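File shown: input01.pdb. Contents: PDB, C-alpha atoms.
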MODEL        1
ATOM      1  CA  MET A  24     124.046   4.720 -39.977
ATOM      2  CA  GLY A  25     121.124   4.619 -42.387
ATOM      3  CA  ILE A  26     118.453   7.128 -43.291
ATOM      4  CA  LEU A  27     115.955   5.893 -40.678
ATOM      5  CA  THR A  28     116.775   7.449 -37.312
ATOM      6  CA  ALA A  29     115.836   5.829 -34.016
ATOM      7  CA  GLU A  30     113.023   8.389 -33.618
ATOM      8  CA  VAL A  31     111.600   7.645 -37.069
ATOM      9  CA  LYS A  32     111.852   3.885 -36.551
ATOM     10  CA  GLU A  33     110.048   4.085 -33.218
ATOM     11  CA  PHE A  34     107.290   6.171 -34.806
ATOM     12  CA  VAL A  35     106.714   3.729 -37.699
ATOM     13  CA  VAL A  36     106.730   0.654 -35.458
ATOM     14  CA  LYS A  37     104.261   2.295 -33.093
ATOM     15  CA  GLN A  38     101.835   3.453 -35.823
ATOM     16  CA  LYS A  39     101.886   0.241 -37.955
ATOM     17  CA  LEU A  40      99.581   1.664 -40.646
ATOM     18  CA  GLY A  41     101.118   3.111 -43.775
ATOM     19  CA  PHE A  42      99.326   4.637 -46.745
ATOM     20  CA  VAL A  43     101.149   3.405 -49.825
ATOM     21  CA  ALA A  44     101.088   5.407 -53.052
ATOM     22  CA  THR A  45     102.068   3.752 -56.329
ATOM     23  CA  VAL A  46     101.740   4.742 -59.975
ATOM     24  CA  CYS A  47      99.241   2.939 -62.224
ATOM     25  CA  PRO A  48     100.244   2.114 -65.828
ATOM     26  CA  ASP A  49      98.088   5.014 -67.063
ATOM     27  CA  GLY A  50      99.984   7.418 -64.795
ATOM     28  CA  THR A  51      97.205   7.831 -62.232
ATOM     29  CA  PRO A  52      97.924   7.350 -58.533
ATOM     30  CA  ASN A  53      96.915   4.332 -56.480
ATOM     31  CA  LEU A  54      96.667   4.725 -52.708
ATOM     32  CA  SER A  55      96.248   1.740 -50.432
ATOM     33  CA  PRO A  56      96.502   1.340 -46.639
ATOM     34  CA  LYS A  57      98.913  -1.320 -45.378
ATOM     35  CA  GLY A  58      98.505  -2.377 -41.753
ATOM     36  CA  THR A  59     101.718  -4.408 -41.867
ATOM     37  CA  THR A  60     104.014  -1.443 -42.541
ATOM     38  CA  THR A  61     107.126  -1.609 -40.384
ATOM     39  CA  VAL A  62     110.858  -0.998 -40.262
ATOM     40  CA  TRP A  63     113.115  -3.655 -41.759
ATOM     41  CA  ASN A  64     116.498  -2.026 -41.114
ATOM     42  CA  ASP A  65     118.218   1.372 -41.142
ATOM     43  CA  ASP A  66     117.390   1.987 -44.807
ATOM     44  CA  HIS A  67     114.277  -0.084 -45.546
ATOM     45  CA  LEU A  68     110.602  -0.359 -44.683
ATOM     46  CA  ILE A  69     108.528  -3.431 -45.505
ATOM     47  CA  PHE A  70     104.902  -4.397 -45.776
ATOM     48  CA  ALA A  71     103.159  -7.665 -46.532
ATOM     49  CA  ASP A  72     101.056  -8.244 -49.628
ATOM     50  CA  ILE A  73      98.032  -9.895 -48.061
ATOM     51  CA  HIS A  74      95.581  -8.718 -50.696
ATOM     52  CA  SER A  75      97.242  -6.012 -52.782
ATOM     53  CA  PRO A  76      97.131  -7.104 -56.419
ATOM     54  CA  GLU A  77      96.992  -3.569 -57.845
ATOM     55  CA  THR A  78      99.766  -2.255 -55.599
ATOM     56  CA  VAL A  79     102.029  -5.180 -56.512
ATOM     57  CA  ALA A  80     101.254  -4.920 -60.237
ATOM     58  CA  ASN A  81     102.017  -1.212 -60.144
ATOM     59  CA  LEU A  82     105.329  -1.778 -58.361
ATOM     60  CA  LEU A  83     106.371  -4.470 -60.826
ATOM     61  CA  ASN A  84     105.730  -1.955 -63.606
ATOM     62  CA  ASN A  85     107.184   1.086 -61.791
ATOM     63  CA  PRO A  86     109.013   0.635 -58.471
ATOM     64  CA  SER A  87     108.539   4.268 -57.377
ATOM     65  CA  ILE A  88     106.699   4.432 -54.070
ATOM     66  CA  GLU A  89     105.728   6.779 -51.293
ATOM     67  CA  ILE A  90     104.542   5.624 -47.889
ATOM     68  CA  ASN A  91     102.860   8.027 -45.482
ATOM     69  CA  VAL A  92     102.716   7.076 -41.816
ATOM     70  CA  VAL A  93     100.640   9.423 -39.669
ATOM     71  CA  ASP A  94      99.622   9.574 -36.022
ATOM     72  CA  ILE A  95      95.925  10.441 -36.360
ATOM     73  CA  PHE A  96      95.834  11.999 -32.905
ATOM     74  CA  SER A  97      98.896  14.250 -32.977
ATOM     75  CA  ARG A  98      98.407  14.908 -36.715
ATOM     76  CA  LYS A  99     102.101  14.395 -37.349
ATOM     77  CA  GLY A 100     103.961  11.868 -39.432
ATOM     78  CA  TYR A 101     106.452  11.143 -42.177
ATOM     79  CA  ARG A 102     106.514  10.725 -45.940
ATOM     80  CA  PHE A 103     108.909   8.017 -47.111
ATOM     81  CA  LYS A 104     109.946   8.190 -50.755
ATOM     82  CA  GLY A 105     111.901   5.461 -52.472
ATOM     83  CA  PHE A 106     111.858   2.369 -54.616
ATOM     84  CA  ALA A 107     110.271  -1.003 -53.923
ATOM     85  CA  ARG A 108     111.187  -4.608 -54.628
ATOM     86  CA  VAL A 109     108.462  -7.244 -54.622
ATOM     87  CA  LEU A 110     109.786 -10.466 -53.091
ATOM     88  CA  SER A 111     107.952 -13.782 -53.295
ATOM     89  CA  GLU A 112     110.839 -16.038 -52.297
ATOM     90  CA  GLY A 113     114.363 -15.975 -50.962
ATOM     91  CA  GLU A 114     116.096 -15.146 -47.702
ATOM     92  CA  ILE A 115     114.512 -11.724 -47.099
ATOM     93  CA  PHE A 116     111.048 -13.082 -47.934
ATOM     94  CA  ASN A 117     111.518 -16.010 -45.516
ATOM     95  CA  ASP A 118     112.936 -13.766 -42.785
ATOM     96  CA  ALA A 119     109.990 -11.384 -43.179
ATOM     97  CA  ILE A 120     107.454 -14.224 -42.975
ATOM     98  CA  THR A 121     109.147 -15.333 -39.746
ATOM     99  CA  PHE A 122     109.137 -11.722 -38.490
ATOM    100  CA  TYR A 123     105.383 -11.363 -39.087
ATOM    101  CA  GLY A 124     104.760 -14.486 -36.971
ATOM    102  CA  GLU A 125     101.070 -14.852 -36.154
ATOM    103  CA  THR A 126     100.057 -12.490 -38.941
ATOM    104  CA  ALA A 127     101.812 -14.741 -41.452
ATOM    105  CA  LYS A 128     100.023 -17.763 -39.987
ATOM    106  CA  LYS A 129      96.618 -16.058 -40.078
ATOM    107  CA  TYR A 130      96.844 -14.517 -43.567
ATOM    108  CA  ASN A 131      98.170 -15.729 -46.875
ATOM    109  CA  ILE A 132     101.106 -13.388 -47.446
ATOM    110  CA  ARG A 133     101.738 -13.539 -51.177
ATOM    111  CA  ASN A 134     104.707 -11.167 -51.322
ATOM    112  CA  ILE A 135     106.840  -8.964 -49.152
ATOM    113  CA  VAL A 136     107.473  -5.448 -50.414
ATOM    114  CA  LEU A 137     110.905  -4.150 -49.441
ATOM    115  CA  VAL A 138     111.183  -0.371 -49.769
ATOM    116  CA  LYS A 139     114.561   1.335 -50.012
ATOM    117  CA  VAL A 140     113.922   4.730 -48.442
ATOM    118  CA  ASP A 141     115.764   7.495 -50.259
ATOM    119  CA  ARG A 142     114.051  10.488 -48.700
ATOM    120  CA  ILE A 143     112.049  11.250 -45.558
ATOM    121  CA  LEU A 144     109.888  14.340 -45.213
ATOM    122  CA  PRO A 145     108.076  15.293 -42.000
ATOM    123  CA  MET A 146     104.338  15.999 -42.109
ATOM    124  CA  TRP A 147     102.176  17.952 -39.708
ATOM    125  CA  SER A 148      98.730  19.457 -39.645
ATOM    126  CA  PRO A 149      98.178  23.136 -40.454
ATOM    127  CA  ALA A 150      96.746  23.285 -36.918
ATOM    128  CA  TYR A 151     100.366  23.622 -35.804
ATOM    129  CA  ASP A 152     100.485  26.958 -37.644
ATOM    130  CA  THR A 153      97.986  28.316 -35.109
ATOM    131  CA  ASP A 154      98.548  29.009 -31.441
ATOM    132  CA  GLN A 155      97.403  25.501 -30.459
ATOM    133  CA  SER A 156      99.866  23.318 -28.590
ATOM    134  CA  GLU A 157     100.536  19.715 -29.526
ATOM    135  CA  GLU A 158      98.722  18.674 -26.362
ATOM    136  CA  GLN A 159      95.630  20.666 -27.383
ATOM    137  CA  ILE A 160      95.633  19.160 -30.868
ATOM    138  CA  LEU A 161      96.145  15.672 -29.459
ATOM    139  CA  ASN A 162      93.304  16.081 -26.941
ATOM    140  CA  ARG A 163      90.970  17.482 -29.612
ATOM    141  CA  TRP A 164      91.398  14.413 -31.804
ATOM    142  CA  ILE A 165      91.230  11.950 -28.908
ATOM    143  CA  GLU A 166      87.903  13.513 -27.906
ATOM    144  CA  TYR A 167      86.696  13.386 -31.494
ATOM    145  CA  TRP A 168      87.507   9.681 -31.959
ATOM    146  CA  ASN A 169      86.048   8.822 -28.549
ATOM    147  CA  PHE A 170      82.817  10.509 -29.700
ATOM    148  CA  VAL A 171      82.853   8.687 -33.052
ATOM    149  CA  ASN A 172      83.449   5.317 -31.396
ATOM    150  CA  ALA A 173      80.675   5.941 -28.851
ATOM    151  CA  GLN A 174      78.236   6.375 -31.774
ATOM    152  CA  ARG A 175      78.848   2.829 -33.077
TER
ENDMDL
END
What would the structure in this file look like if it were written as structure tokens?
Amino acid sequence: MGILTAEVKEFVVKQKLGFVATVCPDGTPNLSPKGTTTVWNDDHLIFADIHSPETVANLLNNPSIEINVVDIFSRKGYRFKGFARVLSEGEIFNDAITFYGETAKKYNIRNIVLVKVDRILPMWSPAYDTDQSEEQILNRWIEYWNFVNAQR
């Protein structure tokens, strides 16, 4: 059994959006959302490089990575720390392109980033330190986003 539990896998697959942090050559952070973030197997996450030149360059220079996946309504999620490999060919690359299906047909996927997860840390909002229930927090943010979307 790998580091990614069934519960964690289900969460990542359901959320789809990961915020990927890499390290720039000057030591500053780079944060970039990746809407193709998903589970590859019990120990790895992947995302597609559709238009991520800085993220890829950073990973080629320093493979350290953190991916945060958060449910914006429940205000809970996970931090995945590990090391990345940028793949532009080979069996895993081809399998990932097949896995992405219509997305791979619609977008030019330049690379697949395979992330070996070494550590998982849970995240939750400080709102959970109050007397609010998860249901109250969830409903608060659903109402908020319904209001925001109605303003468009």
The PyMOL selection byres ((chain A and resi 90) around 6) resolved against shown file, as number ranges by chain: A: 41-43, 89, 91, 102-103
Between A:Arg175, A:Lys32, A:Lys129, A:Arg163, single out the one closest to Asp66 (chain A), counting all atoms listed in the file. A:Lys32
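Atom pair CA of Pro76 (chain A) / CA of Thr59 (chain A): separated by 15.5 Å.
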Box time for region 88-101 of chain A: axis-aligned, enclosing all its listed atoms, 4 Å extra on each side; report centre and edge lengths in Å to one decimal, as AutoDock Vina command-line options.
--center_x 101.3 --center_y 9.7 --center_z -43.5 --size_x 18.9 --size_y 18.5 --size_z 29.2
Find the spatial neighbours of Ile115 (chain A), counting all atoms listed in the file, within a cut-off of 12 Å - ignore same-chain residues fewer than 3 positions away - and output them as a PyMOL selection string. chain A and resi 63-64+67+69+108-112+118-122+134-137
Would you save the residues of that selection, restricted to C-alpha atoms, as an mmCIF file, in the coordinates of the input?
data_model
loop_
_atom_site.group_PDB
_atom_site.id
_atom_site.type_symbol
_atom_site.label_atom_id
_atom_site.label_comp_id
_atom_site.auth_asym_id
_atom_site.auth_seq_id
_atom_site.Cartn_x
_atom_site.Cartn_y
_atom_site.Cartn_z
ATOM 1 C CA TRP A 63 113.115 -3.655 -41.759
ATOM 2 C CA ASN A 64 116.498 -2.026 -41.114
ATOM 3 C CA HIS A 67 114.277 -0.084 -45.546
ATOM 4 C CA ILE A 69 108.528 -3.431 -45.505
ATOM 5 C CA ARG A 108 111.187 -4.608 -54.628
ATOM 6 C CA VAL A 109 108.462 -7.244 -54.622
ATOM 7 C CA LEU A 110 109.786 -10.466 -53.091
ATOM 8 C CA SER A 111 107.952 -13.782 -53.295
ATOM 9 C CA GLU A 112 110.839 -16.038 -52.297
ATOM 10 C CA ASP A 118 112.936 -13.766 -42.785
ATOM 11 C CA ALA A 119 109.990 -11.384 -43.179
ATOM 12 C CA ILE A 120 107.454 -14.224 -42.975
ATOM 13 C CA THR A 121 109.147 -15.333 -39.746
ATOM 14 C CA PHE A 122 109.137 -11.722 -38.490
ATOM 15 C CA ASN A 134 104.707 -11.167 -51.322
ATOM 16 C CA ILE A 135 106.840 -8.964 -49.152
ATOM 17 C CA VAL A 136 107.473 -5.448 -50.414
ATOM 18 C CA LEU A 137 110.905 -4.150 -49.441
#
Just say which residues the PyMOL selection byres ((chain A and resi 39) around 7) picks in this file, as a list in words. Val35, Val36, Lys37, Gln38, Leu40, Gly41, Gly58, Thr59, Thr60 and Thr61 of chain A
Would you mind listing what lies within 10 Å of Lys104 (chain A) as a ChimeraX atom specification, with only C-alpha atoms counted and same-chain residues fewer than 5 positions away left out? /A:44,87-91,138-144
